[in-house]
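Data file: data-v2.pdb. Format and content: PDB, C-alpha atoms.
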```
MODEL        1
ATOM      1  CA  MET A  24       7.168 -16.552  12.655
ATOM      2  CA  ALA A  25       4.561 -13.942  13.388
ATOM      3  CA  GLY A  26       5.014 -10.905  15.568
ATOM      4  CA  ALA A  27       3.107  -8.438  17.676
ATOM      5  CA  HIS A  28       1.174  -5.904  15.617
ATOM      6  CA  GLY A  29       1.900  -8.004  12.532
ATOM      7  CA  VAL A  30       5.717  -8.122  12.629
ATOM      8  CA  GLN A  31       7.197 -10.978  10.639
ATOM      9  CA  LEU A  32      10.155 -11.816  12.804
ATOM     10  CA  GLY A  33      11.589 -14.177  10.206
ATOM     11  CA  ALA A  34      11.676 -11.544   7.452
ATOM     12  CA  VAL A  35      14.889  -9.520   7.375
ATOM     13  CA  PRO A  36      15.746  -6.819   4.826
ATOM     14  CA  GLN A  37      18.906  -7.424   2.842
ATOM     15  CA  SER A  38      20.268  -3.984   3.667
ATOM     16  CA  HIS A  39      19.368  -0.669   5.255
ATOM     17  CA  PRO A  40      20.873   1.960   2.956
ATOM     18  CA  GLY A  41      22.827   4.618   4.841
ATOM     19  CA  LEU A  42      20.674   7.672   5.571
ATOM     20  CA  ASN A  43      23.461  10.205   5.282
ATOM     21  CA  GLY A  44      23.105  13.947   4.925
ATOM     22  CA  GLU A  45      20.601  16.277   6.483
ATOM     23  CA  ILE A  46      16.844  16.164   6.204
ATOM     24  CA  GLY A  47      16.424  19.910   6.709
ATOM     25  CA  VAL A  48      13.503  20.785   8.972
ATOM     26  CA  ALA A  49      11.980  17.851  10.814
ATOM     27  CA  ASP A  50       8.517  18.592   9.454
ATOM     28  CA  GLN A  51       9.609  18.295   5.812
ATOM     29  CA  LEU A  52       6.551  17.284   3.824
ATOM     30  CA  GLY A  53       5.974  13.626   3.056
ATOM     31  CA  ARG A  54       8.339  12.369   5.758
ATOM     32  CA  PHE A  55       7.812  10.889   9.189
ATOM     33  CA  ALA A  56       8.316  13.936  11.387
ATOM     34  CA  TRP A  57       7.136  12.888  14.873
ATOM     35  CA  TYR A  58       6.682   9.688  16.878
ATOM     36  CA  GLU A  59       4.470   8.969  19.871
ATOM     37  CA  LEU A  60       4.377   6.136  22.350
ATOM     38  CA  LEU A  61       1.004   5.503  23.928
ATOM     39  CA  THR A  62       1.711   3.492  27.044
ATOM     40  CA  THR A  63       0.402   2.396  30.430
ATOM     41  CA  ASP A  64       3.330   3.810  32.452
ATOM     42  CA  VAL A  65       5.010   6.930  31.063
ATOM     43  CA  ALA A  66       7.594   7.216  33.852
ATOM     44  CA  ALA A  67       8.736   3.594  33.498
ATOM     45  CA  ALA A  68       8.751   3.773  29.700
ATOM     46  CA  GLY A  69      10.789   6.985  29.767
ATOM     47  CA  ALA A  70      13.388   5.433  32.069
ATOM     48  CA  PHE A  71      13.576   2.353  29.841
ATOM     49  CA  TYR A  72      14.153   4.253  26.579
ATOM     50  CA  ARG A  73      16.597   6.660  28.219
ATOM     51  CA  LYS A  74      18.890   3.701  28.937
ATOM     52  CA  ALA A  75      18.166   1.589  25.849
ATOM     53  CA  VAL A  76      18.240   4.336  23.195
ATOM     54  CA  GLY A  77      19.961   7.188  25.034
ATOM     55  CA  TRP A  78      17.111   9.680  24.785
ATOM     56  CA  GLY A  79      16.768  12.698  27.026
ATOM     57  CA  LEU A  80      13.383  13.405  28.594
ATOM     58  CA  LYS A  81      11.539  16.666  29.191
ATOM     59  CA  ASP A  82       8.163  17.060  30.874
ATOM     60  CA  GLU A  83       6.002  19.321  28.696
ATOM     61  CA  SER A  84       2.663  18.584  30.338
ATOM     62  CA  THR A  85      -0.243  21.005  30.235
ATOM     63  CA  PRO A  86      -3.216  21.216  32.616
ATOM     64  CA  LYS A  87      -5.199  19.142  30.109
ATOM     65  CA  LEU A  88      -2.558  16.603  29.076
ATOM     66  CA  ALA A  89       0.431  14.872  30.664
ATOM     67  CA  TYR A  90       3.139  14.733  27.971
ATOM     68  CA  THR A  91       6.841  13.845  27.998
ATOM     69  CA  VAL A  92       9.052  14.811  25.049
ATOM     70  CA  VAL A  93      11.995  12.568  24.165
ATOM     71  CA  ARG A  94      15.104  14.156  22.645
ATOM     72  CA  SER A  95      18.113  13.022  20.677
ATOM     73  CA  GLY A  96      20.641  15.499  22.018
ATOM     74  CA  SER A  97      18.872  18.847  21.645
ATOM     75  CA  VAL A  98      16.497  17.630  18.900
ATOM     76  CA  PRO A  99      12.934  16.636  19.909
ATOM     77  CA  VAL A 100      12.123  13.243  18.400
ATOM     78  CA  GLY A 101       8.778  12.241  19.870
ATOM     79  CA  GLY A 102       6.508  12.088  22.870
ATOM     80  CA  LEU A 103       5.264   9.714  25.542
ATOM     81  CA  LEU A 104       1.696   9.795  26.848
ATOM     82  CA  ASP A 105      -0.781   7.607  28.673
ATOM     83  CA  ILE A 106      -3.314   5.553  26.757
ATOM     84  CA  PRO A 107      -6.652   7.328  27.270
ATOM     85  CA  ASP A 108      -9.108   5.726  29.688
ATOM     86  CA  GLU A 109     -11.506   4.940  26.863
ATOM     87  CA  GLY A 110      -8.751   3.159  24.994
ATOM     88  CA  ARG A 111      -7.862   1.069  28.018
ATOM     89  CA  ARG A 112     -11.496   0.075  28.489
ATOM     90  CA  LEU A 113     -11.539  -1.098  24.870
ATOM     91  CA  GLY A 114      -8.394  -3.164  25.408
ATOM     92  CA  ALA A 115      -5.795  -0.817  23.916
ATOM     93  CA  THR A 116      -2.209  -1.929  24.290
ATOM     94  CA  PRO A 117       0.968   0.197  24.264
ATOM     95  CA  ARG A 118       2.253   1.054  20.791
ATOM     96  CA  TRP A 119       4.390   3.481  18.818
ATOM     97  CA  MET A 120       2.872   5.620  16.057
ATOM     98  CA  GLY A 121       4.686   7.720  13.472
ATOM     99  CA  TYR A 122       3.303  10.998  12.066
ATOM    100  CA  VAL A 123       3.936  12.066   8.466
ATOM    101  CA  ALA A 124       4.139  15.835   7.863
ATOM    102  CA  VAL A 125       1.642  17.340   5.399
ATOM    103  CA  ASP A 126       0.927  20.912   4.293
ATOM    104  CA  ASP A 127      -2.882  20.659   4.283
ATOM    105  CA  LEU A 128      -4.300  18.230   6.814
ATOM    106  CA  ASP A 129      -7.931  18.533   5.743
ATOM    107  CA  ARG A 130      -7.088  17.963   2.096
ATOM    108  CA  THR A 131      -4.875  14.968   2.939
ATOM    109  CA  ALA A 132      -7.570  13.430   5.156
ATOM    110  CA  ALA A 133     -10.091  13.811   2.337
ATOM    111  CA  GLN A 134      -7.638  12.198  -0.052
ATOM    112  CA  ILE A 135      -7.179   9.239   2.309
ATOM    113  CA  ARG A 136     -10.926   8.648   2.208
ATOM    114  CA  ARG A 137     -10.941   8.829  -1.599
ATOM    115  CA  LEU A 138      -8.069   6.325  -1.739
ATOM    116  CA  GLY A 139      -9.902   3.843   0.478
ATOM    117  CA  GLY A 140      -8.235   4.611   3.813
ATOM    118  CA  THR A 141      -9.880   5.294   7.175
ATOM    119  CA  ILE A 142      -9.901   8.329   9.485
ATOM    120  CA  PHE A 143      -9.870   7.282  13.150
ATOM    121  CA  VAL A 144      -9.196  10.733  14.629
ATOM    122  CA  PRO A 145     -10.244  13.601  12.330
ATOM    123  CA  PRO A 146      -8.077  16.734  12.007
ATOM    124  CA  THR A 147      -7.679  18.058  15.544
ATOM    125  CA  ASP A 148      -5.596  20.760  17.249
ATOM    126  CA  THR A 149      -3.262  19.256  19.881
ATOM    127  CA  ASN A 150      -0.191  20.104  21.938
ATOM    128  CA  ILE A 151       2.101  18.874  19.118
ATOM    129  CA  GLY A 152       0.293  20.591  16.255
ATOM    130  CA  ARG A 153      -2.746  19.795  14.136
ATOM    131  CA  ILE A 154      -2.983  16.041  13.733
ATOM    132  CA  ALA A 155      -5.114  13.167  12.465
ATOM    133  CA  VAL A 156      -4.883   9.431  13.109
ATOM    134  CA  VAL A 157      -5.588   7.366  10.021
ATOM    135  CA  ALA A 158      -5.157   3.963   8.442
ATOM    136  CA  ASP A 159      -4.275   2.830   4.940
ATOM    137  CA  PRO A 160      -6.749   0.641   3.008
ATOM    138  CA  GLN A 161      -5.175  -2.459   4.573
ATOM    139  CA  LYS A 162      -5.661  -1.003   8.101
ATOM    140  CA  ALA A 163      -2.056  -0.139   9.028
ATOM    141  CA  THR A 164      -2.362   2.934  11.260
ATOM    142  CA  PHE A 165      -0.218   6.067  11.191
ATOM    143  CA  GLY A 166      -0.555   9.759  11.960
ATOM    144  CA  LEU A 167      -0.604  12.978   9.957
ATOM    145  CA  ILE A 168       0.716  16.262  11.312
ATOM    146  CA  GLU A 169       0.468  19.837  10.046
ATOM    147  CA  GLU A 170       2.721  22.598  11.395
ATOM    148  CA  PRO A 171       4.201  20.555  14.264
ATOM    149  CA  THR A 172       5.077  22.368  17.465
ATOM    150  CA  HIS A 173       8.357  20.479  17.798
ATOM    151  CA  GLY A 174      11.109  19.696  15.364
ATOM    152  CA  ARG A 175      11.534  23.071  13.661
ATOM    153  CA  SER A 176      15.284  23.277  14.285
ATOM    154  CA  LYS A 177      17.609  21.736  11.694
ATOM    155  CA  PRO A 178      18.597  18.251  12.875
ATOM    156  CA  GLY A 179      21.585  16.145  11.858
ATOM    157  CA  GLY A 180      21.551  13.096   9.610
ATOM    158  CA  LEU A 181      18.930  10.410  10.107
ATOM    159  CA  ASP A 182      21.698   7.891  10.799
ATOM    160  CA  GLU A 183      22.677   9.675  14.024
ATOM    161  CA  PRO A 184      22.156   7.836  17.339
ATOM    162  CA  GLY A 185      18.805   8.548  18.928
ATOM    163  CA  ARG A 186      17.055   9.328  15.643
ATOM    164  CA  VAL A 187      14.461   7.143  13.939
ATOM    165  CA  GLY A 188      16.436   5.877  10.963
ATOM    166  CA  TRP A 189      14.152   3.339   9.291
ATOM    167  CA  HIS A 190      10.422   2.764   8.776
ATOM    168  CA  GLU A 191       9.024  -0.648   7.878
ATOM    169  CA  LEU A 192       5.493  -1.430   6.737
ATOM    170  CA  LEU A 193       4.145  -4.939   7.325
ATOM    171  CA  ALA A 194       1.407  -4.808   4.690
ATOM    172  CA  GLY A 195      -1.489  -7.014   3.735
ATOM    173  CA  ASP A 196      -0.109  -6.854   0.184
ATOM    174  CA  ARG A 197       2.838  -4.550  -0.396
ATOM    175  CA  THR A 198       2.464  -4.674  -4.201
ATOM    176  CA  VAL A 199      -1.000  -3.124  -3.911
ATOM    177  CA  ILE A 200      -0.537  -0.739  -0.991
ATOM    178  CA  PHE A 201       2.479   1.091  -2.394
ATOM    179  CA  ASP A 202       0.270   3.013  -4.826
ATOM    180  CA  PHE A 203      -1.687   4.420  -1.877
ATOM    181  CA  TYR A 204       1.420   5.934  -0.284
ATOM    182  CA  ARG A 205       2.792   7.137  -3.598
ATOM    183  CA  ALA A 206      -0.458   8.994  -4.344
ATOM    184  CA  LEU A 207      -0.676  10.368  -0.811
ATOM    185  CA  PHE A 208       2.922  11.425  -0.094
ATOM    186  CA  GLY A 209       4.758  11.122  -3.405
ATOM    187  CA  TRP A 210       6.936   8.254  -2.171
ATOM    188  CA  GLN A 211       8.936   6.415  -4.823
ATOM    189  CA  LYS A 212      10.209   2.866  -5.124
ATOM    190  CA  ALA A 213      13.940   2.580  -4.471
ATOM    191  CA  ASP A 214      16.173  -0.142  -5.881
ATOM    192  CA  ALA A 215      17.631  -2.642  -3.457
ATOM    193  CA  GLN A 216      21.393  -2.422  -2.992
ATOM    194  CA  ALA A 217      21.789  -6.182  -2.951
ATOM    195  CA  ASP A 218      19.710  -8.945  -4.562
ATOM    196  CA  PRO A 219      16.370  -7.197  -5.275
ATOM    197  CA  ALA A 220      14.094  -9.747  -3.586
ATOM    198  CA  ASP A 221      10.432  -9.428  -4.480
ATOM    199  CA  TRP A 222       9.288  -9.554  -0.868
ATOM    200  CA  TYR A 223      11.004  -6.356   0.290
ATOM    201  CA  GLN A 224      10.394  -3.033  -1.436
ATOM    202  CA  LEU A 225      12.543  -0.065  -0.445
ATOM    203  CA  PHE A 226      10.908   3.361  -0.705
ATOM    204  CA  SER A 227      12.211   6.906  -0.795
ATOM    205  CA  ALA A 228      10.856  10.305   0.240
ATOM    206  CA  ASP A 229      12.191  13.288  -1.697
ATOM    207  CA  GLY A 230      14.966  11.129  -3.138
ATOM    208  CA  GLN A 231      16.168   9.672   0.181
ATOM    209  CA  THR A 232      15.583   5.993   1.010
ATOM    210  CA  VAL A 233      13.834   5.954   4.376
ATOM    211  CA  GLY A 234      12.179   2.546   4.696
ATOM    212  CA  GLY A 235      10.841  -0.660   3.251
ATOM    213  CA  MET A 236       7.589  -2.541   2.742
ATOM    214  CA  LEU A 237       6.885  -6.259   2.779
ATOM    215  CA  THR A 238       3.801  -8.455   2.741
ATOM    216  CA  LYS A 239       2.991  -9.868   6.164
ATOM    217  CA  LEU A 240       2.458 -13.556   6.785
ATOM    218  CA  PRO A 241      -1.142 -14.808   6.378
ATOM    219  CA  SER A 242      -1.236 -15.787  10.060
ATOM    220  CA  VAL A 243      -0.805 -12.125  11.072
ATOM    221  CA  ALA A 244      -4.172 -10.372  11.183
ATOM    222  CA  GLN A 245      -3.134  -6.719  11.363
ATOM    223  CA  PRO A 246      -0.741  -4.749   9.123
ATOM    224  CA  CYS A 247       1.393  -2.171  10.945
ATOM    225  CA  TRP A 248       4.341   0.213  10.821
ATOM    226  CA  LEU A 249       7.554  -0.651  12.726
ATOM    227  CA  HIS A 250      10.062   2.118  13.571
ATOM    228  CA  TYR A 251      13.808   1.546  14.009
ATOM    229  CA  PHE A 252      15.718   3.629  16.576
ATOM    230  CA  ASN A 253      19.428   4.265  15.938
ATOM    231  CA  VAL A 254      21.952   3.256  18.605
ATOM    232  CA  ASP A 255      25.752   3.438  18.773
ATOM    233  CA  ASP A 256      26.241  -0.155  19.924
ATOM    234  CA  ILE A 257      23.593  -2.782  19.217
ATOM    235  CA  GLY A 258      25.047  -5.170  21.807
ATOM    236  CA  ALA A 259      24.998  -2.576  24.571
ATOM    237  CA  ALA A 260      21.498  -1.442  23.610
ATOM    238  CA  THR A 261      20.011  -4.939  23.582
ATOM    239  CA  LYS A 262      21.584  -5.649  26.969
ATOM    240  CA  GLN A 263      19.858  -2.524  28.273
ATOM    241  CA  VAL A 264      16.570  -3.751  26.781
ATOM    242  CA  ASN A 265      16.867  -7.016  28.708
ATOM    243  CA  ALA A 266      18.108  -5.344  31.895
ATOM    244  CA  GLY A 267      15.245  -2.832  31.779
ATOM    245  CA  GLY A 268      12.534  -5.479  31.577
ATOM    246  CA  GLY A 269      12.024  -5.449  27.807
ATOM    247  CA  ARG A 270      12.469  -8.419  25.503
ATOM    248  CA  ILE A 271      14.366  -9.097  22.302
ATOM    249  CA  LEU A 272      11.912 -10.591  19.812
ATOM    250  CA  GLN A 273      14.510 -11.281  17.133
ATOM    251  CA  GLY A 274      18.191 -10.643  16.717
ATOM    252  CA  PRO A 275      20.544  -8.950  16.761
ATOM    253  CA  ILE A 276      20.912  -9.807  13.078
ATOM    254  CA  GLU A 277      23.704  -8.554  10.836
ATOM    255  CA  LEU A 278      22.706  -7.141   7.434
ATOM    256  CA  PRO A 279      24.992  -7.281   4.387
ATOM    257  CA  ASP A 280      25.964  -3.606   4.781
ATOM    258  CA  GLY A 281      27.342  -4.274   8.276
ATOM    259  CA  CYS A 282      24.390  -2.748  10.138
ATOM    260  CA  TRP A 283      22.835  -4.830  12.923
ATOM    261  CA  ILE A 284      19.123  -4.845  13.758
ATOM    262  CA  ALA A 285      17.005  -6.171  16.600
ATOM    263  CA  ARG A 286      13.229  -6.239  16.999
ATOM    264  CA  CYS A 287      12.115  -5.685  20.565
ATOM    265  CA  VAL A 288       9.198  -5.102  22.907
ATOM    266  CA  ASP A 289       9.361  -2.688  25.836
ATOM    267  CA  PRO A 290       8.292  -3.567  29.416
ATOM    268  CA  GLN A 291       4.760  -2.267  28.787
ATOM    269  CA  GLY A 292       4.384  -4.263  25.553
ATOM    270  CA  ALA A 293       5.078  -1.713  22.773
ATOM    271  CA  LEU A 294       6.929  -3.000  19.745
ATOM    272  CA  PHE A 295      10.002  -1.196  18.389
ATOM    273  CA  ALA A 296      13.281  -1.976  16.665
ATOM    274  CA  LEU A 297      16.929  -0.977  17.036
ATOM    275  CA  GLN A 298      19.655  -0.592  14.453
ATOM    276  CA  GLY A 299      23.346   0.178  14.826
ATOM    277  CA  ALA A 300      26.925  -1.042  14.719
ATOM    278  CA  ARG A 301      28.160  -4.064  16.651
ATOM    279  CA  GLY A 302      30.337  -1.987  18.989
ATOM    280  CA  GLN A 303      32.395  -3.272  21.898
ATOM    281  CA  ALA A 304      29.704  -4.691  24.159
ATOM    282  CA  GLY A 305      29.293  -7.986  22.337
ATOM    283  CA  ILE A 306      26.054  -9.589  21.276
ATOM    284  CA  GLU A 307      24.116 -12.133  23.284
ATOM    285  CA  PRO A 308      22.316 -14.812  21.246
ATOM    286  CA  SER A 309      18.712 -15.390  22.208
ATOM    287  CA  SER A 310      16.430 -18.390  22.012
ATOM    288  CA  ALA A 311      12.727 -17.767  21.751
ATOM    289  CA  SER A 312       9.431 -19.125  22.982
ATOM    290  CA  GLU A 313       6.028 -18.088  21.706
ATOM    291  CA  VAL A 314       3.289 -16.377  23.681
ATOM    292  CA  GLY A 315      -0.154 -15.292  22.592
ATOM    293  CA  TRP A 316      -1.036 -11.710  21.640
ATOM    294  CA  SER A 317      -4.384 -10.142  20.978
ATOM    295  CA  ALA A 318      -5.565  -6.560  21.368
ATOM    296  CA  LYS A 319      -8.373  -4.357  20.119
ATOM    297  CA  TRP A 320      -8.915  -0.603  20.359
ATOM    298  CA  GLY A 321     -12.111   0.549  18.729
ATOM    299  CA  ASP A 322     -11.892  -0.467  15.076
ATOM    300  CA  VAL A 323      -8.113  -0.986  15.269
ATOM    301  CA  ALA A 324      -7.247  -4.597  16.053
ATOM    302  CA  SER A 325      -3.897  -6.322  16.475
ATOM    303  CA  GLN A 326      -3.670 -10.070  16.600
ATOM    304  CA  GLY A 327      -0.830 -12.497  16.102
ATOM    305  CA  ARG A 328       2.019 -13.960  18.092
ATOM    306  CA  ILE A 329       5.090 -12.407  19.612
ATOM    307  CA  VAL A 330       8.294 -14.310  20.173
ATOM    308  CA  LEU A 331       9.999 -13.753  23.510
ATOM    309  CA  PRO A 332      13.324 -15.087  24.875
ATOM    310  CA  LYS A 333      13.149 -17.854  27.420
ATOM    311  CA  PRO A 334      13.965 -16.620  30.942
ATOM    312  CA  LYS A 335      17.549 -17.227  32.038
ATOM    313  CA  ARG A 336      17.998 -19.886  34.724
TER     314      ARG A 336
ENDMDL
END
```

Any chance you could give the structure as structure tokens?
Amino acid sequence: MAGAHGVQLGAVPQSHPGLNGEIGVADQLGRFAWYELLTTDVAAAGAFYRKAVGWGLKDESTPKLAYTVVRSGSVPVGGLLDIPDEGRRLGATPRWMGYVAVDDLDRTAAQIRRLGGTIFVPPTDTNIGRIAVVADPQKATFGLIEEPTHGRSKPGGLDEPGRVGWHELLAGDRTVIFDFYRALFGWQKADAQADPADWYQLFSADGQTVGGMLTKLPSVAQPCWLHYFNVDDIGAATKQVNAGGGRILQGPIELPDGCWIARCVDPQGALFALQGARGQAGIEPSSASEVGWSAKWGDVASQGRIVLPKPKR
């Protein structure tokens, strides 16, 4: 099955290693340090994620930019903002983007060009710090951030509820693209805890396993990054997704380590994932029907199919 923004809904990692311990400062180099949702309705999206993930919301708008910060307890995790008018005219659709912290944004942007990547937004000063929006050589987009405004306090472990605990790359060819990220951020391959299947490559940042990479299906046109949000109770969270107007694309699915995951889409159409324990709420099975998906924003295109549950009768 193919998914929105290139998500292979049939591909499930064998295990998400526990992300115990503390990361230190949130802008630690070479790690995802900030996350942004570009959406068509910030107020509705904020209300949805507050119930589904348990985030707190804080309006930190400026005269030039409307911006809502989402928090896990007292720790800022990311921001919500409207898709710019130009993006909407070009057919942009809501999506999450993760920013990796770097110490020298200009040097990193130049290195991306040398490694065959693309710069969509050159180094720019913003409300969250100095940023750039880029893509790897296979066109999966992500952000870079230098000296972020938020996230300087010492957070808890990445397995805590409300944090982003896993990062998954749906690549054109994961065996080729890994070298790009290793050269750029120093990421290392991590051994699988279970059967080391060729199709799923775990990776670590500074010795901590933080995500995985797999090769997308040929029917999916656009590689992408998918971010997993931690929840206490996967059953309760997925019920909130459905109740809030979102959809469960796949799952919940139990992994060998006892963690449960679900891939979802929010009411505005942005793709995200959840991970957590089964909890007391119970898990509702879902059956799926396919709908078409196609979007283009400038040179960044996303085409494929998403799988949505059939409406209840």

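Residues in contact with Gly77 of chain A at up to 10 Å, not including ones fewer than 5 positions away on its chain and judged by all atoms listed in the file, are A:Ala70, A:Phe71, A:Tyr72, A:Val93, A:Arg94, A:Ser95, A:Gly96, A:Pro184, A:Gly185, A:Asn253, A:Val254, A:Asp255, A:Ala260.
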
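Taking atom CA of Ile151 of chain A and atom CA of Lys87 of chain A as endpoints, the distance between them is 13.2 Å.
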
| request: Measuring atom to atom with all atoms listed in the file, identify which of A:Val199, A:Leu113, A:Val100, A:Leu207 is nearest to Val125 of chain A. | output: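 Ranking A:Val199, A:Leu113, A:Val100, A:Leu207 by distance to Val125 of chain A, first place goes to A:Leu207.
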
| So which residues get picked by the PyMOL selection byres ((chain A and resi 195) around 10) here, written as a list of chain:residue names? |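 Selected by the PyMOL selection byres ((chain A and resi 195) around 10) in this file: A:Gly29, A:Pro160, A:Gln161, A:Lys162, A:Ala163, A:Leu192, A:Leu193, A:Ala194, A:Asp196, A:Arg197, A:Thr198, A:Val199, A:Ile200, A:Leu237, A:Thr238, A:Lys239, A:Leu240, A:Pro241, A:Val243, A:Ala244, A:Gln245, A:Pro246, A:Cys247.
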
| field | Point-to-point distance from atom CA of Asp64 of chain A to atom CA of Asn150 of chain A, Å rounded to tenths | value |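 So the answer is 19.7 Å.
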
| message | When you look at Leu138 of chain A with a cut-off of 10 Å (counting only C-alpha atoms), what residues show up, excluding the ones that are within fewer than 2 positions of it in the same chain? I need them as a ChimeraX atom specification. | response | /A:132-136,140-141,159-160,202-204,206-207

| query | atom CA of Leu225 of chain A and atom CA of Lys212 of chain A are how many Å apart? | reply |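 Taking atom CA of Leu225 of chain A as the start and atom CA of Lys212 of chain A as the end point, the length is 6.0 Å.
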
| Picked residues, the PyMOL selection byres ((chain A and resi 123) around 7), expected as an NGL selection string | :A and (53-56 or 121-122 or 124-125 or 166-168)

| Which one is closest to Leu294 of chain A: A:Cys282, A:Leu61, A:Leu181, A:Leu52? Count all atoms listed in the file. | A:Leu61

Using all atoms of segment 67-72 of chain A that appear in the file, construct an axis-aligned enclosing box with 5 Å of padding on every side and provide its centre coordinates and edge lengths in Å, rounded to one decimal, as JSON.
```
{"center_x": 11.4, "center_y": 4.7, "center_z": 30.0, "size_x": 15.4, "size_y": 14.6, "size_z": 16.9}
```

| request: Skip Leu297 of chain A itself and residues of its chain fewer than 6 positions away, then list as a PyMOL selection string all residues within 6 Å of it, counting only C-alpha atoms. | output: chain A and resi 251-253+284-285

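Between Trp189 of chain A and the residues A:Gly299, A:Arg130, A:Gly230, A:Val288, the shortest atom-to-atom distance, using only C-alpha atoms, involves A:Gly299.
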
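Nearest-residue note for Ile106 of chain A: choosing from A:Thr147, A:Thr62, A:Thr131, A:Thr232, the minimum distance belongs to A:Thr62, counting only C-alpha atoms.
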
| query | Smallest atom-to-atom distance to Leu60 of chain A: which of A:Arg118, A:Arg286, A:Lys74, A:His190, using all atoms listed in the file? | reply | A:Arg118

| task | Name the residues that the PyMOL selection byres ((chain A and resi 58) around 6) pulls out of this structure, and write them as a list in words. | result |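 Applying the PyMOL selection byres ((chain A and resi 58) around 6) to the structure shown produces Trp57, Glu59, Gly101, Met120 and Gly121 of chain A.
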
| task | Determine, counting all atoms listed in the file, which protein, DNA and RNA residues have an atom within 8 Å of an atom of Arg270 of chain A; residues of the same chain fewer than 2 positions away are not included. Present the result as a PyMOL selection string. | result | chain A and resi 264-265+268+272+287-290+331-332
